[in-house]
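Enquirer: Have a look at the structure that comes next, please.
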Amino acid sequence: MAAKNTPPRSKMSNWARLGLFWAIIVLAVITLFAIVAPHDQLKDVPVSQVIDSANKGEISKIEGNGDDLKITLKGKDQATEHSYITGGISTLYKNTLLNKDAQAVLDDTAPSQTGNTLWNLAIIIVPVILIAGFFMFMMRQAQGQNNQALGFGKSKAKLYGVDKEKVVFDDIAGNDNAKQDLEEVVDFLKHPKKYLEVGAKIPKGVLLVGSPGTGKTMLARAVAGEASVPFFSISGSEFVEMFVGVGASRVRDLFAKAKKNSPAIIFIDEIDAVGRRRGSGMGGGHDEREQTLNQILVEMDGFETGTNVIVLAATNRADVLDPALLRPGRFDRRTNIMLPERKDREAILKVHFKNKPTDPTADLDKLAAKTAGSSGADLANIANEAAIIAARDNRKKISNDDITNAFEKVAIGPERKTKVMTDREKELTAYHEAGHAIVGHVLPDSDPVHKVTIIPRGGTGGVTWFLPPEDKSYTNVYEFKDILARAMGGRVSEKIMYGADGITTGAGSDLRKATEIARDMIIEQGMGTKLRDQVFHEDGGGMVFDKITHERPYSDDTAKEIDIEVEALIKEAARRAEAVIKTNMASLHKLAKELLDKETVDEVDVLKILKDTTLPKEARLYTPA
């Protein structure tokens, strides 16, 4: 209840301070105006002239105020002249300076002093109030700065779990193994007695490891929604500051809050920001980062018995974390969140399309089959893009065409229909893409052709898209070599059609991709000929300085042999692609013509056009059974 009443009181306090501030401003303006503004000016005249005028009957009233006299002339509504005589009105009476008729105009009733008194008080009090207000304002500002300085080492963790709209495990599709691990954590916090009775100890730390977009943070939010305990969330980067010691102070403050509110959960997102391996040079040897990491290590290993505080952390770079952070007693459990499989992708798509109106043509199962290798974030993006496309075309429901267009837009980029291409460039692009399609279609271990287009998409002039019919866990040598051959199909097709000097830059990305695959086969997978079963792993992480100073894990002679092996794979792929295309020239021309006419050919039409293609003996890696 106290938490709910706090915001209104704070709001009233702000309004009160604002009202007081404006009241002081208005009062100051009025005072200054009163001081500066000119008062009624009375003309000073000698008393002899006043007496003479009174005796002549030219004055209607003479008012006395001490020694001061205010004279009102006949025909005037108020005093216009001012004079002075010692003793004031009484002197005029005693000395009979005025005749009897003139004495009748004397007014011996002194005017009220209230106005003058208030005016004098205002002149004294208002400046005092303004000065006091100014000093109070300065003191509050100084106090605020002091509080900010004192709070510099306080934790910036946000408290979750009390939101009106909670995320629970039922809202998350896929990742069943990860959810099971985290459900145990939640159950321990809710029912610790049943675990303690059998001598079980819940892990002090759970590390969520997975590729970007796989749902690590979403699972953490689900834990916050399910546990019904204080859930403190913070990013690893929020610990690190320019000043040494601030990060460690924030760690101490965070764990102190969690212990005070136990049972509780601490979630550290992107923990690799502070948890990198010490002494590796990664992070530039930042003392602040290392002190923060040391404090985290001490806090995690120093929990008092029965505090019921559990640490969740997420990262996509578990390989760079310090070994001391990963040992039992700190992060006891490591939960790997993998890219979703087909059934999981379909379940995820159903969640994201749950509140989106779709027509009967929408086929989420087919989309799930196409999206092998996509993360949950990718699938959410596809669902959102499909809704945007439907709304852009003023339709109330999402069709299967919208879903397909959204998938292609996310996967290979949007169509650039405004790009102007000459007839020569269109023809060259058509033969280039047809070369990819024929080689990929003919080779036995290649994925099927999904779509061929000469419409520029993303950063490419055209696209030949191959999709695996099912999810794969492994890739063999034959499949790698067929991928290399179809990657070389575009360059080889240009060479056959326009000669060796007619090749263009259109194959640049294909050649880079082929070289990367070939090097990966030799260095990482041990699939070379002379270097078979040997791996020469090169760490892709770290800073540029580390890559310059660290030696390669192989000699110059081995590097030369690697280059020879890579060259042999690329030449073999080009030779196989050339054999396939030359054997099926009729199909090449037919598909290129279809592309020039329609610009885009889908998988059904591609199969019809290429139904008569054959696999030449020169392109075979083995004799099919």
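Lettering and numbering for the structure tokens are positional, with chains as A, B, ... in the shown order, residues counted from 1 in each chain, and ligands counted from 1 in the shown order.
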Please report, as a PyMOL selection string, each residue of range 447-619 of chain A to which DSSP assigns strand (DSSP E or B) when run on this structure's backbone.

Expert: chain A and resi 449-453+457+460+463-466+600-602

Enquirer: Between A:Gly376, A:Gly329, A:Pro448, A:Gly458, which residue has the minimum interatomic distance to Gly205 in chain A, considering only C-alpha atoms?

Expert: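 Distance minimum relative to Gly205 in chain A lands on A:Gly329.
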
Enquirer: Restricting the calculation to only C-alpha atoms, which member of A:Leu428, A:Leu615, A:Leu531, A:Ala369 is positioned closest to His589 in chain A?

Expert: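 Counting only C-alpha atoms, the residue closest to His589 in chain A is A:Leu428.
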
Enquirer: Near Val185 in chain A, counting only C-alpha atoms, which residues have an atom at most 9 Å away, once you skip same-chain residues fewer than 2 positions from it, shown as a list in words?

Expert: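 My list of contacting residues is Gln180, Asp181, Leu182, Glu183, Asp187, Phe188, Leu189, Lys190, Ile202, Pro203, Val206, Val223, Ala227 and Ile310 of chain A.
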
Enquirer: Given only C-alpha atoms as the basis, pick out the residue of A:Gly506, A:Gly57, A:Pro553, A:Gly210 nearest to Arg334 in chain A.

Expert: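 With only C-alpha atoms as the atom set, the closest residue is A:Gly210.
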
Enquirer: With a distance cut-off of 12 Å and only C-alpha atoms, select the neighbouring residues of Glu594 in chain A, excluding the residue or stretch itself and same-chain residues fewer than 3 positions from it, and output the selection as a PyMOL selection string.

Expert: chain A and resi 426-427+430-431+433-434+452-454+587-591+597-602+605-606+608-610

Enquirer: Which neighbours of Glu572 in chain A fall inside 10 Å, counting only C-alpha atoms, when residues of the same chain fewer than 4 positions from it are skipped, and could you give them as a PyMOL selection string?

Expert: chain A and resi 481+484-485+488+566-568+576-578+619

Enquirer: Can I get the selection written as a PDB file, in the first residue's frame, with N, CA and C atoms?

Expert:
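Wrote part-v5.pdb, looks like this:
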```
ATOM      1  N   LYS A 481      30.768 -29.208 -50.974  1.00  0.00           N
ATOM      2  CA  LYS A 481      31.297 -29.048 -52.331  1.00  0.00           C
ATOM      3  C   LYS A 481      30.200 -28.669 -53.322  1.00  0.00           C
ATOM      4  N   LEU A 484      29.657 -24.985 -52.863  1.00  0.00           N
ATOM      5  CA  LEU A 484      30.710 -24.233 -53.560  1.00  0.00           C
ATOM      6  C   LEU A 484      30.452 -24.182 -55.053  1.00  0.00           C
ATOM      7  N   ALA A 485      30.041 -25.306 -55.628  1.00  0.00           N
ATOM      8  CA  ALA A 485      29.816 -25.354 -57.076  1.00  0.00           C
ATOM      9  C   ALA A 485      28.675 -24.443 -57.499  1.00  0.00           C
ATOM     10  N   MET A 488      29.687 -20.880 -57.531  1.00  0.00           N
ATOM     11  CA  MET A 488      30.498 -20.528 -58.697  1.00  0.00           C
ATOM     12  C   MET A 488      29.688 -20.535 -59.986  1.00  0.00           C
ATOM     13  N   VAL A 566      42.576 -24.463 -50.336  1.00  0.00           N
ATOM     14  CA  VAL A 566      41.431 -23.596 -50.647  1.00  0.00           C
ATOM     15  C   VAL A 566      41.338 -23.371 -52.145  1.00  0.00           C
ATOM     16  N   GLU A 567      42.480 -23.114 -52.801  1.00  0.00           N
ATOM     17  CA  GLU A 567      42.491 -22.909 -54.247  1.00  0.00           C
ATOM     18  C   GLU A 567      41.989 -24.146 -54.982  1.00  0.00           C
ATOM     19  N   ALA A 568      42.385 -25.322 -54.505  1.00  0.00           N
ATOM     20  CA  ALA A 568      41.956 -26.563 -55.159  1.00  0.00           C
ATOM     21  C   ALA A 568      40.441 -26.739 -55.053  1.00  0.00           C
ATOM     22  N   ARG A 576      33.245 -28.214 -61.892  1.00  0.00           N
ATOM     23  CA  ARG A 576      31.972 -28.952 -61.833  1.00  0.00           C
ATOM     24  C   ARG A 576      30.822 -28.080 -62.333  1.00  0.00           C
ATOM     25  N   ALA A 577      30.815 -26.811 -61.933  1.00  0.00           N
ATOM     26  CA  ALA A 577      29.753 -25.908 -62.386  1.00  0.00           C
ATOM     27  C   ALA A 577      29.777 -25.755 -63.900  1.00  0.00           C
ATOM     28  N   GLU A 578      30.984 -25.639 -64.458  1.00  0.00           N
ATOM     29  CA  GLU A 578      31.108 -25.486 -65.912  1.00  0.00           C
ATOM     30  C   GLU A 578      30.604 -26.727 -66.634  1.00  0.00           C
ATOM     31  N   ALA A 619      30.918 -33.849 -63.394  1.00  0.00           N
ATOM     32  CA  ALA A 619      30.506 -33.089 -62.217  1.00  0.00           C
ATOM     33  C   ALA A 619      30.244 -33.972 -60.998  1.00  0.00           C
TER      34      ALA A 619
END
```

Enquirer: Could you state the separation of CA of Ile438 in chain A and CA of Ala406 in chain A in Å, given to one decimal place?

Expert: 26.3 Å

Enquirer: Check the smallest atom-to-atom distance from each of A:Ile265, A:Ala579, A:Ala313, A:Ala220 to Arg333 in chain A using only C-alpha atoms, then report the winner.

Expert: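 Of the candidates, the smallest distance to Arg333 in chain A is held by A:Ala313.
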